[in-house]
Amino acid sequence: MFDLTDKVAVVTGASSGLGADSARAYAQNGANVVLLARRKEKLEQVAAEISGMGRKVLVISCDVTDEECVKKAVEEIIEKFGRIDILLNNAGVAVRGGVDTLTVEDWDHAMDVNVKGMFIMSKYVVPHMKEQNYGKIVNISSVNALIGDKADMFIRHSYNASKSAVLGLTIGMAASYGQFNITVNAVCPGLFESEMTKDTLFKSEAFLQGYSAQCPMSRPGKRGEVSGPVLFFSSDASSYVTGQHIVVDGGTSIV
Ligand SMILES: NC(=O)c1ccc[n+]([C@@H]2O[C@H](COP(=O)([O-])OP(=O)(O)OC[C@H]3O[C@@H](n4cnc5c(N)ncnc54)[C@H](O)[C@@H]3O)[C@@H](O)[C@H]2O)c1
């Protein structure tokens, strides 16, 4: 059910963190992988690992907010692989600040990458999925789509809004494209160490202690722990599941 042999998976924001982890998990389960992000050198490092697993891999340097670049990227993928089975919309940015401190530029940046980028990627991939009558789209949201936080260093209102929008987009797309055998689901990670968090949240002992005290599992997520739910939504294990989200936060948001 979880086997992805010969499937073609496109991962955005694949140069680091949860995106790179998911790309490795796809390859471990048999998929050929397209790694898309802005930093080519970083992508090449992940690509080398995936090639080592015996999978085909394509690196594309592209900003998900640049429509022309995304259009060309999807054309290149179809030319090289002939199809796209899985789209992991993972690229994202966290912008710190509340509505009283954020600039309009900060607001737009979070909404552009986290929501518009997902829209543009999906806009060019969905027609191919419709044509092949098969597709698995997984959108990375966040537990911050569902909960806010009092702690000053965790206040990120544009991030909250953008990640809630991801859930709305997921539901809308799921409702429309189910008839084409395309499922669209979301994953909402809690706290994980990555480039996004290592110099901020993971630098504060007080914050980490507070998070662990609140979390039923008493710790932040370990790298790789998002990949299981991503794999579930990307494989035929979830063939009759659409428009849903899974929160991967060790239960932090339920207490
Ligand atoms: N780390 C966490 O605790 C956490 C929690 C909840 C949700 N998330 C979400 O997980 C996803 C991955 O984040 P991460 O923690 O691995 O951080 P990360 O910074 O390591 O990864 C983000 C990736 O997105 C890419 N990216 C950013 N802007 C882009 C753009 N305009 N075009 C193309 N690529 C772009 C980056 O280059 C990078 O590869 C994000 O959507 C993030 O919001 C992370």
# chains A, B, ... in the order shown; residues from 1 in each chain; ligands from 1

call {"tool": "select_by_dssp", "arguments": {"residues": "segment 5-253 of chain A", "states": "strand (DSSP E)", "output": "VMD selection string"}}
result
chain A and resid 8 to 12 32 to 37 57 to 61 86 to 89 135 to 140 182 to 189 245 to 248

call {"tool": "select_by_dssp", "arguments": {"residues": "segment 33-131 of chain A", "states": "helix (DSSP H, G or I)", "output": "ChimeraX atom specification"}}
result
/A:40-52,67-81,104-131

call {"tool": "residues_around", "arguments": {"residues": "segment 190-193 of chain A", "least_positions_apart": "5", "cutoff": "6 Å", "atoms": "only C-alpha atoms", "output": "JSON, numbers by chain"}}
result
{"A": [143, 198, 220, 221, 248, 249]}

call {"tool": "residues_around", "arguments": {"residues": "Ala27 of chain A", "least_positions_apart": "2", "cutoff": "9 Å", "atoms": "only C-alpha atoms", "output": "list in words"}}
result
Leu4, Thr5, Ala9, Ser22, Ala23, Arg24, Ala25, Asn29, Gly30, Ala31, Asn32, Val33, Ile50, Ser51, Met53, Gly54, Arg55 and Lys56 of chain A

call {"tool": "write_last_selection", "arguments": {"atoms": "N, CA and C atoms", "output": "compact mmCIF listing (two decimals), in the first residue's frame"}}
result
# COMPACT_ATOMS: atom_id res chain seq x y z
N LEU A 4 5.83 3.04 -3.64
CA LEU A 4 5.78 4.13 -4.64
C LEU A 4 6.62 3.81 -5.87
N THR A 5 6.89 2.52 -6.10
CA THR A 5 7.76 2.15 -7.22
C THR A 5 7.28 2.77 -8.52
N ALA A 9 7.47 11.83 -7.97
CA ALA A 9 7.10 12.72 -6.88
C ALA A 9 7.85 14.04 -7.00
N SER A 22 11.30 14.18 3.42
CA SER A 22 10.21 13.51 2.70
C SER A 22 10.69 13.00 1.34
N ALA A 23 11.57 13.76 0.70
CA ALA A 23 12.12 13.32 -0.59
C ALA A 23 12.88 12.00 -0.40
N ARG A 24 13.66 11.92 0.68
CA ARG A 24 14.40 10.67 0.98
C ARG A 24 13.41 9.53 1.21
N ALA A 25 12.33 9.81 1.94
CA ALA A 25 11.33 8.76 2.24
C ALA A 25 10.65 8.29 0.95
N ASN A 29 10.97 4.44 -0.71
CA ASN A 29 9.80 3.62 -1.01
C ASN A 29 9.59 3.45 -2.52
N GLY A 30 10.61 3.80 -3.32
CA GLY A 30 10.60 3.42 -4.73
C GLY A 30 10.35 4.52 -5.72
N ALA A 31 10.05 5.74 -5.27
CA ALA A 31 9.69 6.80 -6.22
C ALA A 31 10.92 7.43 -6.87
N ASN A 32 10.73 7.93 -8.09
CA ASN A 32 11.68 8.84 -8.71
C ASN A 32 11.28 10.25 -8.24
N VAL A 33 12.27 11.09 -8.00
CA VAL A 33 11.96 12.32 -7.27
C VAL A 33 12.46 13.57 -8.01
N ILE A 50 19.81 10.56 -3.11
CA ILE A 50 18.69 9.84 -3.74
C ILE A 50 19.17 8.99 -4.92
N SER A 51 20.12 9.53 -5.68
CA SER A 51 20.69 8.73 -6.77
C SER A 51 21.34 7.48 -6.21
N MET A 53 20.40 5.74 -3.93
CA MET A 53 19.37 4.72 -3.61
C MET A 53 18.86 4.05 -4.89
N GLY A 54 19.43 4.46 -6.04
CA GLY A 54 19.03 3.83 -7.31
C GLY A 54 17.80 4.44 -7.96
N ARG A 55 17.42 5.63 -7.51
CA ARG A 55 16.25 6.28 -8.10
C ARG A 55 16.68 7.37 -9.08
N LYS A 56 15.77 7.67 -10.01
CA LYS A 56 16.02 8.81 -10.90
C LYS A 56 15.71 10.08 -10.12

call {"tool": "residues_around", "arguments": {"residues": "His157 of chain A", "least_positions_apart": "6", "cutoff": "8 Å", "atoms": "only C-alpha atoms", "output": "ChimeraX atom specification"}}
result
/A:96-99

call {"tool": "write_last_selection", "arguments": {"atoms": "C-alpha atoms", "output": "short mmCIF file (atom, residue, chain, number, x, y, z; two decimals), in the first residue's frame"}}
result
data_model
loop_
_atom_site.label_atom_id
_atom_site.label_comp_id
_atom_site.auth_asym_id
_atom_site.auth_seq_id
_atom_site.Cartn_x
_atom_site.Cartn_y
_atom_site.Cartn_z
CA ARG A 96 7.90 36.53 13.12
CA GLY A 97 5.59 39.24 14.41
CA GLY A 98 2.00 40.14 15.34
CA VAL A 99 -0.35 42.41 13.43
#
